[in-house]
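Dumped start.txt below, it's compact mmCIF, C-alpha atoms:
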# COMPACT_ATOMS: atom_id res chain seq x y z
CA MET P 224 -9.00 -40.21 9.76
CA VAL P 225 -7.65 -36.68 9.93
CA ARG P 226 -4.59 -35.98 7.83
CA ILE P 227 -2.10 -33.69 9.59
CA VAL P 228 0.53 -31.91 7.49
CA TYR P 229 3.65 -30.38 9.07
CA LEU P 230 5.53 -27.74 7.12
CA ALA P 231 8.90 -25.96 7.21
CA ARG P 232 10.50 -25.77 10.67
CA LEU P 233 7.76 -27.87 12.27
CA ARG P 234 8.35 -30.73 9.80
CA ASP P 235 12.05 -30.67 10.68
CA ALA P 236 11.31 -30.54 14.41
CA PHE P 237 8.77 -33.38 14.36
CA GLY P 238 10.68 -35.48 11.83
CA ARG P 239 7.62 -36.10 9.66
CA SER P 240 5.70 -34.31 6.93
CA THR P 241 2.30 -35.97 7.36
CA GLU P 242 0.44 -38.39 9.58
CA HIS P 243 -3.04 -39.86 9.61
CA VAL P 244 -4.68 -39.93 13.02
CA GLU P 245 -7.96 -41.14 14.45
CA LEU P 246 -8.81 -38.32 16.83
CA PRO P 247 -10.43 -39.10 20.17
CA GLY P 248 -14.12 -38.15 20.16
CA ASP P 249 -13.65 -35.08 22.30
CA ILE P 250 -11.04 -33.52 19.96
CA GLY P 251 -13.19 -31.47 17.60
CA THR P 252 -11.43 -28.13 17.22
CA VAL P 253 -8.02 -26.78 16.23
CA GLY P 254 -7.34 -25.70 19.81
CA ALA P 255 -8.17 -29.16 21.14
CA LEU P 256 -6.00 -30.81 18.50
CA LEU P 257 -3.00 -28.65 19.48
CA ALA P 258 -3.54 -29.48 23.16
CA TRP P 259 -3.77 -33.18 22.28
CA LEU P 260 -0.53 -33.04 20.24
CA ARG P 261 1.19 -31.26 23.16
CA THR P 262 0.52 -34.28 25.36
CA ARG P 263 3.05 -36.19 23.25
CA GLY P 264 5.66 -34.22 25.22
CA GLY P 265 9.24 -33.43 24.21
CA VAL P 266 9.55 -31.42 21.02
CA TRP P 267 5.75 -31.46 20.60
CA SER P 268 5.10 -29.61 23.83
CA GLN P 269 8.00 -27.24 23.10
CA GLU P 270 7.09 -26.32 19.52
CA LEU P 271 3.34 -26.11 20.18
CA ALA P 272 3.59 -24.36 23.56
CA SER P 273 1.12 -21.55 23.98
CA GLY P 274 3.05 -18.41 23.18
CA ARG P 275 4.88 -20.02 20.26
CA ALA P 276 3.59 -18.69 16.95
CA VAL P 277 1.97 -21.67 15.23
CA ARG P 278 -0.37 -21.19 12.28
CA VAL P 279 -3.03 -23.75 11.45
CA ALA P 280 -4.99 -24.29 8.24
CA VAL P 281 -7.99 -26.59 7.82
CA ASN P 282 -8.56 -27.73 4.24
CA HIS P 283 -6.27 -24.96 2.96
CA ASP P 284 -8.01 -22.12 4.83
CA LEU P 285 -6.36 -20.38 7.78
CA ALA P 286 -8.02 -21.49 11.00
CA GLN P 287 -8.47 -20.24 14.57
CA ALA P 288 -8.48 -22.20 17.83
CA ALA P 289 -12.27 -22.53 17.64
CA THR P 290 -12.31 -23.82 14.04
CA LEU P 291 -14.00 -27.22 13.83
CA ILE P 292 -12.17 -30.29 12.52
CA GLY P 293 -14.08 -33.04 10.74
CA SER P 294 -13.03 -36.63 10.24
CA ASP P 295 -11.77 -36.28 6.64
CA ASP P 296 -10.14 -32.89 7.02
CA GLU P 297 -6.58 -31.94 6.19
CA VAL P 298 -5.05 -29.91 9.01
CA ALA P 299 -1.73 -28.17 8.39
CA LEU P 300 0.57 -26.80 11.11
CA PHE P 301 3.26 -24.31 10.16
CA PRO P 302 5.32 -21.37 11.48
CA PRO P 303 4.64 -17.76 10.45
CA VAL P 304 5.25 -17.37 6.72
CA THR P 305 8.45 -15.88 5.28
CA GLY P 306 8.01 -15.85 1.49
CA GLY P 307 8.54 -13.04 -0.98
CA MET Q 577 -5.46 -13.15 -13.01
CA ALA Q 578 -2.85 -15.84 -12.65
CA VAL Q 579 -0.74 -17.44 -9.94
CA ARG Q 580 2.22 -19.69 -10.65
CA ILE Q 581 4.44 -21.55 -8.20
CA GLN Q 582 7.44 -22.96 -10.02
CA GLU Q 583 11.05 -24.06 -9.64
CA GLN Q 584 12.26 -22.61 -12.91
CA ASP Q 585 13.26 -18.99 -13.47
CA PHE Q 586 11.03 -16.52 -15.31
CA ASP Q 587 11.61 -13.86 -17.96
CA VAL Q 588 10.13 -10.52 -16.91
CA SER Q 589 9.76 -9.04 -20.37
CA SER Q 590 7.98 -12.04 -21.84
CA GLU Q 591 5.69 -12.26 -18.80
CA LEU Q 592 4.78 -8.59 -19.24
CA ALA Q 593 4.16 -9.01 -22.94
CA THR Q 594 1.78 -11.92 -22.23
CA LEU Q 595 0.02 -10.10 -19.40
CA ARG Q 596 -0.96 -7.07 -21.46
CA ALA Q 597 -1.26 -8.73 -24.86
CA GLY Q 598 -4.29 -7.51 -26.76
CA ASP Q 599 -5.60 -5.29 -23.97
CA THR Q 600 -5.32 -1.71 -25.22
CA ARG Q 601 -7.25 -0.39 -22.22
CA VAL Q 602 -4.01 -0.81 -20.26
CA GLY Q 603 -2.19 2.47 -19.65
CA ALA Q 604 -0.02 1.35 -16.75
CA VAL Q 605 1.85 -1.75 -15.67
CA ALA Q 606 3.44 -1.85 -12.21
CA THR Q 607 5.82 -4.67 -11.37
CA PHE Q 608 7.88 -5.92 -8.46
CA THR Q 609 10.72 -8.41 -8.69
CA GLY Q 610 12.23 -9.90 -5.52
CA LEU Q 611 15.79 -11.26 -5.54
CA VAL Q 612 17.92 -13.43 -3.27
CA ARG Q 613 20.35 -11.27 -1.27
CA GLU Q 614 23.78 -12.64 -0.41
CA VAL Q 615 23.74 -11.30 3.15
CA ASN Q 616 20.83 -11.61 5.61
CA ASP Q 617 20.97 -10.88 9.35
CA ALA Q 618 24.77 -10.53 9.16
CA ALA Q 619 25.31 -13.99 7.65
CA GLN Q 620 26.55 -14.93 4.21
CA VAL Q 621 23.80 -16.87 2.44
CA SER Q 622 25.04 -19.44 -0.07
CA THR Q 623 21.64 -21.00 -0.84
CA LEU Q 624 18.09 -19.91 -0.04
CA THR Q 625 15.54 -22.72 -0.23
CA LEU Q 626 11.88 -21.83 -0.66
CA GLU Q 627 9.13 -24.19 0.43
CA HIS Q 628 5.37 -23.94 -0.12
CA TYR Q 629 2.20 -25.82 0.79
CA PRO Q 630 0.86 -27.11 -2.54
CA GLY Q 631 -2.80 -26.23 -2.96
CA MET Q 632 -3.04 -23.68 -0.17
CA THR Q 633 -0.30 -21.38 -1.44
CA GLU Q 634 -1.98 -21.01 -4.84
CA LYS Q 635 -5.36 -20.51 -3.18
CA ALA Q 636 -4.04 -17.86 -0.78
CA LEU Q 637 -2.33 -15.92 -3.57
CA ALA Q 638 -5.47 -16.03 -5.73
CA GLN Q 639 -7.42 -14.66 -2.75
CA ILE Q 640 -4.91 -11.83 -2.33
CA ILE Q 641 -5.30 -10.89 -6.00
CA ASP Q 642 -9.09 -10.98 -5.59
CA ASP Q 643 -8.79 -8.65 -2.59
CA ALA Q 644 -6.68 -6.26 -4.69
CA LYS Q 645 -9.32 -6.33 -7.43
CA GLN Q 646 -12.00 -5.38 -4.91
CA ARG Q 647 -9.96 -2.43 -3.68
CA TRP Q 648 -8.58 -0.97 -6.91
CA ASP Q 649 -9.74 -0.64 -10.49
CA ILE Q 650 -7.19 -2.98 -12.06
CA TYR Q 651 -7.44 -5.09 -15.20
CA ASP Q 652 -5.13 -8.01 -14.61
CA ALA Q 653 -2.51 -9.31 -12.19
CA LEU Q 654 0.15 -12.00 -12.20
CA VAL Q 655 2.07 -13.50 -9.30
CA ILE Q 656 4.98 -15.90 -9.86
CA HIS Q 657 6.79 -17.35 -6.85
CA ARG Q 658 9.72 -19.72 -7.18
CA VAL Q 659 10.36 -22.64 -4.84
CA GLY Q 660 13.35 -24.91 -4.31
CA PRO Q 661 17.03 -23.97 -3.89
CA LEU Q 662 18.07 -20.50 -5.14
CA LYS Q 663 21.41 -18.68 -5.24
CA PRO Q 664 22.15 -15.01 -4.42
CA GLY Q 665 21.12 -12.78 -7.32
CA GLU Q 666 18.40 -15.14 -8.53
CA GLN Q 667 14.81 -14.01 -8.93
CA ILE Q 668 12.39 -15.25 -6.24
CA VAL Q 669 9.10 -13.50 -6.83
CA PHE Q 670 7.36 -11.42 -9.48
CA VAL Q 671 4.18 -9.36 -9.20
CA ALA Q 672 2.71 -7.44 -12.14
CA VAL Q 673 -0.53 -5.45 -12.23
CA THR Q 674 -2.18 -3.66 -15.15
CA SER Q 675 -4.59 -0.73 -14.94
CA ALA Q 676 -5.66 2.36 -16.87
CA HIS Q 677 -3.66 4.76 -14.69
CA ARG Q 678 -0.55 4.35 -12.55
CA GLY Q 679 -2.07 4.94 -9.13
CA GLU Q 680 -4.16 1.77 -9.13
CA SER Q 681 -1.44 -0.54 -10.37
CA PHE Q 682 1.26 0.93 -8.08
CA ALA Q 683 -0.96 0.52 -5.02
CA ALA Q 684 -2.28 -2.92 -5.95
CA CYS Q 685 1.24 -4.23 -6.66
CA GLN Q 686 2.49 -3.07 -3.26
CA PHE Q 687 -0.60 -4.44 -1.52
CA ILE Q 688 -0.17 -7.85 -3.17
CA MET Q 689 3.49 -8.04 -2.08
CA ASP Q 690 2.72 -6.92 1.49
CA TYR Q 691 -0.04 -9.50 1.81
CA LEU Q 692 2.05 -12.21 0.13
CA LYS Q 693 4.80 -11.68 2.73
CA THR Q 694 2.42 -12.17 5.65
CA ARG Q 695 -0.37 -14.46 4.36
CA ALA Q 696 0.90 -16.78 1.64
CA PRO Q 697 2.23 -20.13 2.91
CA LEU Q 698 5.88 -19.90 1.85
CA TRP Q 699 8.98 -20.39 3.97
CA LYS Q 700 12.67 -19.64 3.51
CA LYS Q 701 15.58 -21.68 4.77
CA GLU Q 702 19.09 -20.22 4.52
CA GLN Q 703 22.33 -22.10 4.07
CA THR Q 704 25.06 -20.10 5.86
CA PRO Q 705 28.65 -20.90 6.95
CA GLU Q 706 27.19 -21.83 10.37
CA GLY Q 707 24.73 -24.28 8.83
CA GLU Q 708 21.05 -24.22 7.89
CA ARG Q 709 18.50 -21.95 9.55
CA TRP Q 710 14.84 -21.20 8.96
CA VAL Q 711 14.18 -17.50 8.39
CA GLU Q 712 12.06 -15.95 11.16
CA ALA Q 713 9.03 -13.80 10.34
CA ARG Q 714 9.61 -10.05 10.73
CA ALA Q 715 7.33 -7.69 12.64
CA SER Q 716 8.04 -5.01 10.01
CA ASP Q 717 6.32 -7.20 7.40
CA GLU Q 718 3.21 -7.41 9.59
CA ASP Q 719 3.31 -3.61 9.96
CA ALA Q 720 3.55 -3.20 6.19
CA ALA Q 721 0.49 -5.39 5.61
CA ALA Q 722 -1.50 -3.76 8.44
CA ARG Q 723 -1.44 -0.29 6.84
CA TRP Q 724 -3.78 -1.46 4.08
Final structure tokens representation of the file:
Amino acid sequence: MVRIVYLARLRDAFGRSTEHVELPGDIGTVGALLAWLRTRGGVWSQELASGRAVRVAVNHDLAQAATLIGSDDEVALFPPVTGG
Amino acid sequence: MAVRIQEQDFDVSSELATLRAGDTRVGAVATFTGLVREVNDAAQVSTLTLEHYPGMTEKALAQIIDDAKQRWDIYDALVIHRVGPLKPGEQIVFVAVTSAHRGESFAACQFIMDYLKTRAPLWKKEQTPEGERWVEARASDEDAAARW
């Protein structure tokens, strides 16, 4: 099971802070995960639309679309950071 | 080298005393303190709420300090970032760097803040008279980090 963490504006938009999902076998990268989440439609396809700035971290390291996702990984989705 | 994410306020002078305690190589300490402003993007801000991603935020800040150590000859560095609800005038963030001479600590302190603003997982939400809004990232912050 992959643990997905939603932070800041994305948590508000999706109405959840975490979920555990069993990914289909062909979903093995960050890019594929985002495309899979977009198929949920509604706010998911809006917030994760290509062109929207969404950052992704895998196991607390910033990831790219090609970054691989393993079955016990923690994947976090968040907007561009605004601390300081 | 230390990173702290905390809800409670911090005391700058005691943090500085701890940072340089016993290290008489230190000839310079550069610091930055960030505060909550009462007006942002033409709106009155009554509360600014800071959120982080436990685990990753600490790791990202430690990495930024490591990067600074690779680039400049500095002795020690401290980053404190507060989370939770804050009021205008309150302290948000503190960066302190020690070195033998001022150039290294000035530069490293600015570098750490510029990278923190663009790389550390932290987000601000403002409470204004029109309701709550998430603060949007600024291109000028990306520009500031890119010059390093």
*Could you check how far atom CA of Q:Asp643 sits from atom CA of Q:Gly679, in Å to one decimal?*
16.5 Å
For chain P versus chain Q, which residues have an atom no more than 8 Å away, and what is each residue's nearest atom pair and distance in Å rounded to one decimal, using only C-alpha atoms, chain-then-number order, as a Markdown table?
| residue | atom | partner | partner_atom | distance |
| --- | --- | --- | --- | --- |
| P:Leu230 | CA | Q:Tyr629 | CA | 7.4 |
| P:Ala231 | CA | Q:Trp699 | CA | 6.4 |
| P:Arg232 | CA | Q:Trp710 | CA | 6.5 |
| P:His283 | CA | Q:Met632 | CA | 4.7 |
| P:Asp284 | CA | Q:Met632 | CA | 7.2 |
| P:Pro303 | CA | Q:Ala713 | CA | 5.9 |
| P:Val304 | CA | Q:Leu698 | CA | 5.5 |
| P:Thr305 | CA | Q:Trp699 | CA | 4.7 |
| P:Gly306 | CA | Q:Leu698 | CA | 4.6 |
| P:Gly307 | CA | Q:Lys693 | CA | 5.4 |
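The space between atom CA of P:Met224 and atom CA of P:Gly293 spans 8.8 Å.
Between atom CA of Q:Ala653 and atom CA of Q:Thr600 lies a distance of 15.3 Å.
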Please give the centre and size of the box around stretch 638-649 of chain Q (axis-aligned, containing every atom listed in the file, 8 Å added per side), with values in Å to one decimal and written as lines of an AutoDock Vina configuration file.
center_x = -8.5
center_y = -8.3
center_z = -6.4
size_x = 23.1
size_y = 31.4
size_z = 24.2
*Between Q:Thr607, Q:Thr594, Q:Gln703, Q:Gln584, which one has atoms that come closest to Q:Arg678, using only C-alpha atoms?*
Q:Thr607
*For P:Leu260, work out the shell of residues within 12 Å, counting all atoms listed in the file and skipping chain neighbours fewer than 4 positions away, then give it as a count of residues only.*
21
_Under the rule that only C-alpha atoms are counted, which of P:Val277, P:Ser240, P:Asp295, P:Gln287 is the nearest residue to P:Val228?_
P:Ser240
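At a cut-off of 9 Å from (-9.7, -24.9, 6.7), the residue set is Val279, Ala280, Val281, Asn282, His283, Asp284, Leu285, Ala286, Thr290, Leu291, Ile292, Asp296, Glu297, Val298 and Ala299 of chain P (counting only C-alpha atoms).
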_Within-6 Å shell of (-3.9, -10.1, -6.6) in input frame, all atoms listed in the file, as JSON, numbers by chain_ = {"Q": [640, 641, 642, 644, 653, 688]}
